[in-house]
Amino acid sequence: MMPLLQATHLTRHFGGVMALNGVDIHLDSGEIVGLIGPNGAGKTTLFNVLAAAIPPSSGSIRFLDTDITGWPAYKVSRLGLARTFQITRPFLKMTCLENVLVGLINHRPKEALGRLQELAREALSFVGLLDQCDAPASGLNLIQKKKLEIARTIAVRPKLLLLDEVLGGLNSQEVVQAVSMIRELQRSLGTTILWIEHIMGAIMSAANRIVVLHQGEKLMEGTPETVANDPRVIEAYLGK
Amino acid sequence: MNERKQLAALAVFGLLCAISPVFLDDYKLHIVIVSLFYVMMASSWNLVAGYTGQVSFAHAAFAGIGAYVSGILAVKMGIHPWIGVLCGTAAAGLFGLLLGVLCLKMGGIYLSLTTLGFSEILHIVITNEYEVTRGTMGLQVPGLLDVYSKAGYLWIMLAASIVVLVVVYRMIHSRIGLNFRAVQNDETAAASLGVDVVHIRVLAFTVSSLLAGLAGGLFGHYLLLITPQIPSLDQQFLVLSMTVIGGMGSFVGPVIGSFVLKVLSEYIRAYGEYHVLAFGIVALLMARFAPQGIVGVFRKRTQG
């Protein structure tokens, strides 16, 4: 079976800095894959390249059997690849419902607006933000903004969801809630998830597979247990 | 004031304008007609600046294109002004589309710079192409009406203003309007959700230019003399001030700004051409301290 996403030899440099250096990564349908690595390993750059926010310097990306290398971000999004931002980017001067509607009207231009509003409410309800429906996004706190960000992406039912540190800033109880929510997402909708996270306990328990980046290169990948016990990974994080 | 009340107030005001020939003399009617020209200009500029966050300095230039295309067609080829206005409107839209496609991919400050350049180039060409445009002497053009009547022109400008406002209103309350606001709020996030940012910007810019062309075309045939004053930067900054002072990004703001500033400028006319400068300073202060303009100040008052 073809993988859902296959990125081959992705390279991205900013001037002389190699942020990504020949990274190969594949994702199978329905997986939750954790993407970890020390600060500056290139995790967010990989997300930006996969979601077409920036083009790769070289390498190619196939998604849903289509070569999407060099596509503009909006087309990649419409094909079914959604992402959240590490620093949340809500449309501050719009209501929560409108925030979610933006994706829907572009993904389903022919659907009646009433139906889309219904779907938007469903997504807000899934993340527990339904009571903020008509409130402007500028009034939300950090956790609510993260929830809104997730609601926006899942409303369009993406095939692949890139989550960029959605647990940052949450307390331990909220982390447990968020993890079960993301698992529920994968279970009920079959969404494939690539997930950057620094909270190791959470990502190790939720992921089927872990990919480790270090200095722009793929250090290793494997099941959470193999990765957690690998001396190279421990070295990358803690030094020799 | 909620939106429904604002619209009701606007409707009452429109009605008042419609019956104003009964109680206003010709000079005051002239001010209302000019104000209506600015209503069209400011409301359509607001579509780009207020709703998609792109500051264009070529709006007066597009009005100039509308006016000169229509005027030249009438003078050189004897084409009826009504048809000329339609041609002028289309020409302004076409120039808007071309300029938009050229520079909207770059976004941000580049649109402002390119439109500023375009505006100046157009102004210079019109001033110097004496044979065609009669330069600063101005081009004498026929009127829209067979018999000149202030009331008649008032109704024409009022009807056109209503058309412009309806187009703007319908756009900002549609899916397109939602996309406009998403692009203005955060274009990276918008693109990640499937918004074709460049397409949305070009669309807003083209429609806005088209409406400016309509306003300019009609205005030229009202004045009967088209001068390079129409596509000038003075004019552009006046439109900018009206929008910012009235309330950028709100529907009624530009309407209020247009009337308030036009009427005011008649009162301070005695002090020469300084009113544009004065309005510019007021607009700057408003942008800093009351970014939502007169409409915003009102909203705060009524909400307590």
# chains A, B, ... in the order shown; residues from 1 in each chain; ligands from 1

$ interface_residues --of "chain B" --to "chain A" --cutoff "7 Å" --atoms "only C-alpha atoms" --output "list in words"
Arg175, Leu178, Asn179, Ala182, Asn185, Asp186, Ala189, Ala191, Ser192, Leu193, Gly194, Val195 and Asp196 of chain B

$ write_last_selection --atoms "N, CA and C atoms" --output "PDB file, in the first residue's frame"
ATOM      1  N   ARG B 175     -19.408  34.912   1.588  1.00  0.00           N
ATOM      2  CA  ARG B 175     -18.224  34.094   1.859  1.00  0.00           C
ATOM      3  C   ARG B 175     -16.959  34.845   1.473  1.00  0.00           C
ATOM      4  N   LEU B 178     -15.863  37.007   4.242  1.00  0.00           N
ATOM      5  CA  LEU B 178     -15.217  36.235   5.305  1.00  0.00           C
ATOM      6  C   LEU B 178     -13.762  35.966   4.942  1.00  0.00           C
ATOM      7  N   ASN B 179     -13.537  35.645   3.668  1.00  0.00           N
ATOM      8  CA  ASN B 179     -12.167  35.446   3.196  1.00  0.00           C
ATOM      9  C   ASN B 179     -11.357  36.745   3.282  1.00  0.00           C
ATOM     10  N   ALA B 182     -10.351  37.185   6.834  1.00  0.00           N
ATOM     11  CA  ALA B 182      -9.339  36.193   7.226  1.00  0.00           C
ATOM     12  C   ALA B 182      -7.976  36.634   6.714  1.00  0.00           C
ATOM     13  N   ASN B 185      -6.737  39.533   8.789  1.00  0.00           N
ATOM     14  CA  ASN B 185      -6.339  39.147  10.139  1.00  0.00           C
ATOM     15  C   ASN B 185      -4.996  38.439  10.165  1.00  0.00           C
ATOM     16  N   ASP B 186      -4.800  37.475   9.279  1.00  0.00           N
ATOM     17  CA  ASP B 186      -3.563  36.687   9.300  1.00  0.00           C
ATOM     18  C   ASP B 186      -3.487  35.869   8.012  1.00  0.00           C
ATOM     19  N   ALA B 189      -2.166  32.125   8.297  1.00  0.00           N
ATOM     20  CA  ALA B 189      -3.176  31.214   8.824  1.00  0.00           C
ATOM     21  C   ALA B 189      -4.274  30.996   7.789  1.00  0.00           C
ATOM     22  N   ALA B 191      -4.077  31.085   4.518  1.00  0.00           N
ATOM     23  CA  ALA B 191      -3.612  30.170   3.471  1.00  0.00           C
ATOM     24  C   ALA B 191      -3.596  28.731   3.972  1.00  0.00           C
ATOM     25  N   SER B 192      -3.222  28.553   5.238  1.00  0.00           N
ATOM     26  CA  SER B 192      -3.157  27.193   5.780  1.00  0.00           C
ATOM     27  C   SER B 192      -4.549  26.568   5.893  1.00  0.00           C
ATOM     28  N   LEU B 193      -5.581  27.407   5.851  1.00  0.00           N
ATOM     29  CA  LEU B 193      -6.948  26.871   5.922  1.00  0.00           C
ATOM     30  C   LEU B 193      -7.596  26.782   4.544  1.00  0.00           C
ATOM     31  N   GLY B 194      -6.829  27.052   3.507  1.00  0.00           N
ATOM     32  CA  GLY B 194      -7.354  26.876   2.156  1.00  0.00           C
ATOM     33  C   GLY B 194      -7.767  28.155   1.449  1.00  0.00           C
ATOM     34  N   VAL B 195      -7.442  29.332   2.024  1.00  0.00           N
ATOM     35  CA  VAL B 195      -7.793  30.589   1.368  1.00  0.00           C
ATOM     36  C   VAL B 195      -6.725  30.924   0.323  1.00  0.00           C
ATOM     37  N   ASP B 196      -7.154  31.145  -0.913  1.00  0.00           N
ATOM     38  CA  ASP B 196      -6.233  31.558  -1.970  1.00  0.00           C
ATOM     39  C   ASP B 196      -5.998  33.057  -1.811  1.00  0.00           C
TER      40      ASP B 196
END

$ residues_around --residues "A:Leu213" --least-positions-apart "3" --cutoff "10 Å" --atoms "only C-alpha atoms" --output "ChimeraX atom specification"
/A:20,23,35-43,46,210,216-221,233,236

$ residues_around --residues "B:Gly71" --least-positions-apart "5" --cutoff "12 Å" --atoms "only C-alpha atoms" --output "number ranges by chain"
B: 64-66, 76-89, 132-134, 138-144, 216-227

$ select_by_dssp --residues "stretch 28-116 of chain A" --states "alpha helix (DSSP H)" --output "ChimeraX atom specification"
/A:43-50,73-79,96-107,113-116

$ write_last_selection --atoms "C-alpha atoms" --output "compact mmCIF listing (two decimals), in the first residue's frame"
# COMPACT_ATOMS: atom_id res chain seq x y z
CA LYS A 43 10.92 20.08 13.48
CA THR A 44 8.93 23.23 12.75
CA THR A 45 10.84 23.77 9.50
CA LEU A 46 9.78 20.27 8.44
CA PHE A 47 6.16 21.20 9.24
CA ASN A 48 6.44 24.43 7.28
CA VAL A 49 7.82 22.57 4.28
CA LEU A 50 5.24 19.77 4.45
CA ALA A 73 -0.23 26.35 0.87
CA TYR A 74 -3.92 26.82 0.12
CA LYS A 75 -3.95 24.02 -2.44
CA VAL A 76 -2.20 21.63 -0.09
CA SER A 77 -4.77 22.52 2.54
CA ARG A 78 -7.65 21.88 0.16
CA LEU A 79 -6.19 18.50 -0.71
CA CYS A 96 -14.82 31.65 16.98
CA LEU A 97 -17.52 30.43 14.63
CA GLU A 98 -16.20 32.61 11.81
CA ASN A 99 -12.67 31.37 12.51
CA VAL A 100 -13.82 27.81 11.90
CA LEU A 101 -16.01 28.78 8.93
CA VAL A 102 -13.08 30.18 6.94
CA GLY A 103 -11.67 26.73 6.31
CA LEU A 104 -15.07 25.23 5.60
CA ILE A 105 -16.14 27.76 2.96
CA ASN A 106 -12.93 27.16 1.05
CA HIS A 107 -12.94 23.40 1.35
CA LEU A 113 -23.82 28.08 4.49
CA GLY A 114 -26.29 26.77 7.07
CA ARG A 115 -24.82 23.28 6.81
CA LEU A 116 -21.28 24.67 7.11

$ atom_distance --atom1 "atom CA of B:Phe95" --atom2 "atom CA of B:Ser209"
7.9 Å

$ residues_around --residues "B:Glu129" --least-positions-apart "5" --cutoff "12 Å" --atoms "only C-alpha atoms" --output "PyMOL selection string"
chain B and resi 68+121-124+134-139+228

$ write_last_selection --atoms "C-alpha atoms" --output "compact mmCIF listing (two decimals), in the first residue's frame"
# COMPACT_ATOMS: atom_id res chain seq x y z
CA TYR B 68 -10.85 60.53 -18.76
CA ILE B 121 2.78 58.24 -13.70
CA LEU B 122 -0.86 58.57 -14.68
CA HIS B 123 -0.98 62.11 -13.35
CA ILE B 124 2.12 63.09 -15.36
CA ARG B 134 -5.92 69.18 -22.71
CA GLY B 135 -3.58 68.90 -19.71
CA THR B 136 -4.12 71.23 -16.79
CA MET B 137 -6.55 73.32 -18.85
CA GLY B 138 -9.02 70.52 -18.41
CA LEU B 139 -11.15 68.62 -20.85
CA PRO B 228 -5.80 66.25 -13.51

$ residues_around --residues "stretch 259-271 of chain B" --least-positions-apart "6" --cutoff "9 Å" --atoms "only C-alpha atoms" --output "PyMOL selection string"
chain B and resi 31-32+34-36+38-39+238+241-242+245-246+279

$ write_last_selection --atoms "N, CA and C atoms" --output "short mmCIF file (atom, residue, chain, number, x, y, z; two decimals), in the first residue's frame"
data_model
loop_
_atom_site.label_atom_id
_atom_site.label_comp_id
_atom_site.auth_asym_id
_atom_site.auth_seq_id
_atom_site.Cartn_x
_atom_site.Cartn_y
_atom_site.Cartn_z
N ILE B 31 -22.56 70.64 -2.88
CA ILE B 31 -21.77 70.00 -1.82
C ILE B 31 -22.26 68.56 -1.57
N VAL B 32 -23.58 68.39 -1.59
CA VAL B 32 -24.12 67.03 -1.39
C VAL B 32 -23.67 66.12 -2.53
N VAL B 34 -20.99 66.39 -4.46
CA VAL B 34 -19.56 66.08 -4.33
C VAL B 34 -19.36 65.06 -3.19
N SER B 35 -20.11 65.26 -2.10
CA SER B 35 -20.00 64.32 -0.98
C SER B 35 -20.36 62.91 -1.44
N LEU B 36 -21.40 62.80 -2.27
CA LEU B 36 -21.81 61.47 -2.75
C LEU B 36 -20.71 60.84 -3.60
N TYR B 38 -17.59 61.27 -3.03
CA TYR B 38 -16.63 60.76 -2.06
C TYR B 38 -17.16 59.53 -1.32
N VAL B 39 -18.47 59.45 -1.14
CA VAL B 39 -19.05 58.25 -0.52
C VAL B 39 -18.66 57.03 -1.35
N LEU B 238 -7.36 62.74 0.51
CA LEU B 238 -8.65 63.16 1.04
C LEU B 238 -9.54 61.92 1.24
N SER B 241 -8.29 60.04 4.21
CA SER B 241 -8.68 60.69 5.46
C SER B 241 -10.14 60.44 5.78
N MET B 242 -10.99 60.54 4.75
CA MET B 242 -12.42 60.33 4.97
C MET B 242 -12.68 58.93 5.51
N ILE B 245 -11.03 58.62 9.16
CA ILE B 245 -11.74 59.41 10.16
C ILE B 245 -13.16 58.86 10.37
N GLY B 246 -13.81 58.45 9.30
CA GLY B 246 -15.16 57.89 9.43
C GLY B 246 -15.13 56.56 10.14
N PHE B 279 -6.68 67.55 7.42
CA PHE B 279 -7.37 66.27 7.49
C PHE B 279 -6.37 65.12 7.64
#

$ residues_around --residues "B:Leu98" --least-positions-apart "6" --cutoff "10 Å" --atoms "only C-alpha atoms" --output "count of residues only"
4

$ decode --residues "stretch 94-220 of chain A" --atoms "C-alpha atoms" --output "mmCIF file, in the first residue's frame"
data_model
loop_
_atom_site.group_PDB
_atom_site.id
_atom_site.type_symbol
_atom_site.label_atom_id
_atom_site.label_comp_id
_atom_site.auth_asym_id
_atom_site.auth_seq_id
_atom_site.Cartn_x
_atom_site.Cartn_y
_atom_site.Cartn_z
ATOM 1 C CA MET A 94 -13.432 37.391 14.059
ATOM 2 C CA THR A 95 -15.733 35.252 16.189
ATOM 3 C CA CYS A 96 -14.816 31.652 16.984
ATOM 4 C CA LEU A 97 -17.524 30.425 14.628
ATOM 5 C CA GLU A 98 -16.196 32.614 11.812
ATOM 6 C CA ASN A 99 -12.670 31.370 12.512
ATOM 7 C CA VAL A 100 -13.819 27.814 11.896
ATOM 8 C CA LEU A 101 -16.011 28.781 8.931
ATOM 9 C CA VAL A 102 -13.080 30.183 6.944
ATOM 10 C CA GLY A 103 -11.666 26.728 6.305
ATOM 11 C CA LEU A 104 -15.074 25.233 5.604
ATOM 12 C CA ILE A 105 -16.141 27.760 2.964
ATOM 13 C CA ASN A 106 -12.931 27.162 1.049
ATOM 14 C CA HIS A 107 -12.939 23.397 1.353
ATOM 15 C CA ARG A 108 -16.629 23.025 0.555
ATOM 16 C CA PRO A 109 -17.553 25.990 -1.641
ATOM 17 C CA LYS A 110 -20.745 24.381 -2.920
ATOM 18 C CA GLU A 111 -22.245 23.411 0.431
ATOM 19 C CA ALA A 112 -25.015 25.617 1.879
ATOM 20 C CA LEU A 113 -23.822 28.085 4.495
ATOM 21 C CA GLY A 114 -26.287 26.767 7.070
ATOM 22 C CA ARG A 115 -24.822 23.281 6.812
ATOM 23 C CA LEU A 116 -21.284 24.665 7.108
ATOM 24 C CA GLN A 117 -22.231 26.577 10.246
ATOM 25 C CA GLU A 118 -23.560 23.325 11.651
ATOM 26 C CA LEU A 119 -20.234 21.613 10.906
ATOM 27 C CA ALA A 120 -18.355 24.527 12.463
ATOM 28 C CA ARG A 121 -20.421 24.201 15.631
ATOM 29 C CA GLU A 122 -19.737 20.475 15.713
ATOM 30 C CA ALA A 123 -15.997 21.121 15.539
ATOM 31 C CA LEU A 124 -16.211 23.743 18.291
ATOM 32 C CA SER A 125 -18.245 21.376 20.386
ATOM 33 C CA PHE A 126 -15.674 18.582 19.877
ATOM 34 C CA VAL A 127 -12.926 20.733 21.424
ATOM 35 C CA GLY A 128 -15.301 22.131 24.066
ATOM 36 C CA LEU A 129 -15.550 25.689 22.791
ATOM 37 C CA LEU A 130 -19.191 25.781 21.766
ATOM 38 C CA ASP A 131 -20.066 28.303 24.485
ATOM 39 C CA GLN A 132 -17.569 30.755 22.920
ATOM 40 C CA CYS A 133 -19.139 30.413 19.467
ATOM 41 C CA ASP A 134 -20.026 34.072 18.971
ATOM 42 C CA ALA A 135 -17.221 35.548 21.076
ATOM 43 C CA PRO A 136 -14.326 37.242 19.266
ATOM 44 C CA ALA A 137 -11.157 35.145 19.248
ATOM 45 C CA SER A 138 -9.191 38.034 20.782
ATOM 46 C CA GLY A 139 -10.910 37.382 24.121
ATOM 47 C CA LEU A 140 -9.779 33.760 24.426
ATOM 48 C CA ASN A 141 -7.075 32.557 26.799
ATOM 49 C CA LEU A 142 -4.117 30.464 25.644
ATOM 50 C CA ILE A 143 -5.782 27.087 26.072
ATOM 51 C CA GLN A 144 -8.933 28.252 24.326
ATOM 52 C CA LYS A 145 -6.846 29.608 21.469
ATOM 53 C CA LYS A 146 -5.189 26.224 21.088
ATOM 54 C CA LYS A 147 -8.578 24.556 21.112
ATOM 55 C CA LEU A 148 -9.819 26.978 18.464
ATOM 56 C CA GLU A 149 -6.779 26.200 16.354
ATOM 57 C CA ILE A 150 -7.585 22.492 16.520
ATOM 58 C CA ALA A 151 -11.286 23.099 15.830
ATOM 59 C CA ARG A 152 -10.379 25.088 12.707
ATOM 60 C CA THR A 153 -8.267 22.283 11.330
ATOM 61 C CA ILE A 154 -10.504 19.330 12.155
ATOM 62 C CA ALA A 155 -13.669 21.018 10.869
ATOM 63 C CA VAL A 156 -12.527 20.384 7.299
ATOM 64 C CA ARG A 157 -11.856 16.700 8.088
ATOM 65 C CA PRO A 158 -8.233 16.592 6.959
ATOM 66 C CA LYS A 159 -6.600 13.333 5.926
ATOM 67 C CA LEU A 160 -3.408 14.419 7.636
ATOM 68 C CA LEU A 161 -3.091 16.729 10.593
ATOM 69 C CA LEU A 162 0.194 18.305 11.657
ATOM 70 C CA LEU A 163 0.103 19.279 15.330
ATOM 71 C CA ASP A 164 2.837 21.651 16.487
ATOM 72 C CA GLU A 165 3.257 21.536 20.272
ATOM 73 C CA VAL A 166 -0.399 21.744 21.123
ATOM 74 C CA LEU A 167 0.291 20.704 24.718
ATOM 75 C CA GLY A 168 2.718 23.515 25.533
ATOM 76 C CA GLY A 169 1.464 25.665 28.393
ATOM 77 C CA LEU A 170 -1.140 23.176 29.610
ATOM 78 C CA ASN A 171 -1.145 21.773 33.156
ATOM 79 C CA SER A 172 -0.941 18.012 33.711
ATOM 80 C CA GLN A 173 -4.684 17.516 33.931
ATOM 81 C CA GLU A 174 -5.267 19.488 30.729
ATOM 82 C CA VAL A 175 -2.540 17.479 29.021
ATOM 83 C CA VAL A 176 -4.409 14.248 29.806
ATOM 84 C CA GLN A 177 -7.635 15.730 28.422
ATOM 85 C CA ALA A 178 -5.952 17.008 25.276
ATOM 86 C CA VAL A 179 -4.222 13.681 24.593
ATOM 87 C CA SER A 180 -7.460 11.759 24.904
ATOM 88 C CA MET A 181 -9.123 14.274 22.607
ATOM 89 C CA ILE A 182 -6.464 13.791 19.934
ATOM 90 C CA ARG A 183 -6.690 10.006 20.238
ATOM 91 C CA GLU A 184 -10.452 10.258 19.901
ATOM 92 C CA LEU A 185 -9.902 12.289 16.731
ATOM 93 C CA GLN A 186 -7.715 9.573 15.279
ATOM 94 C CA ARG A 187 -10.126 6.822 16.330
ATOM 95 C CA SER A 188 -13.408 8.356 15.200
ATOM 96 C CA LEU A 189 -12.317 10.094 11.996
ATOM 97 C CA GLY A 190 -9.279 8.045 11.060
ATOM 98 C CA THR A 191 -7.180 11.198 10.826
ATOM 99 C CA THR A 192 -3.468 10.559 10.418
ATOM 100 C CA ILE A 193 -1.451 12.716 12.793
ATOM 101 C CA LEU A 194 2.117 13.944 12.754
ATOM 102 C CA TRP A 195 2.775 15.479 16.120
ATOM 103 C CA ILE A 196 5.638 17.634 17.411
ATOM 104 C CA GLU A 197 5.728 17.532 21.187
ATOM 105 C CA HIS A 198 8.136 18.280 23.987
ATOM 106 C CA ILE A 199 6.094 16.584 26.704
ATOM 107 C CA MET A 200 7.678 13.137 26.334
ATOM 108 C CA GLY A 201 5.266 11.202 28.537
ATOM 109 C CA ALA A 202 2.310 12.329 26.438
ATOM 110 C CA ILE A 203 3.848 11.723 23.026
ATOM 111 C CA MET A 204 5.383 8.377 23.987
ATOM 112 C CA SER A 205 2.036 7.065 25.190
ATOM 113 C CA ALA A 206 -0.007 8.393 22.261
ATOM 114 C CA ALA A 207 2.218 7.697 19.267
ATOM 115 C CA ASN A 208 2.504 4.476 17.283
ATOM 116 C CA ARG A 209 5.876 5.513 15.989
ATOM 117 C CA ILE A 210 8.437 8.183 16.798
ATOM 118 C CA VAL A 211 10.722 10.043 14.410
ATOM 119 C CA VAL A 212 13.725 11.802 15.934
ATOM 120 C CA LEU A 213 15.281 14.821 14.237
ATOM 121 C CA HIS A 214 18.674 16.156 15.221
ATOM 122 C CA GLN A 215 20.523 19.047 13.581
ATOM 123 C CA GLY A 216 18.315 18.924 10.502
ATOM 124 C CA GLU A 217 18.741 15.202 9.912
ATOM 125 C CA LYS A 218 16.701 12.174 10.809
ATOM 126 C CA LEU A 219 18.552 10.556 13.691
ATOM 127 C CA MET A 220 16.349 7.487 13.913
#
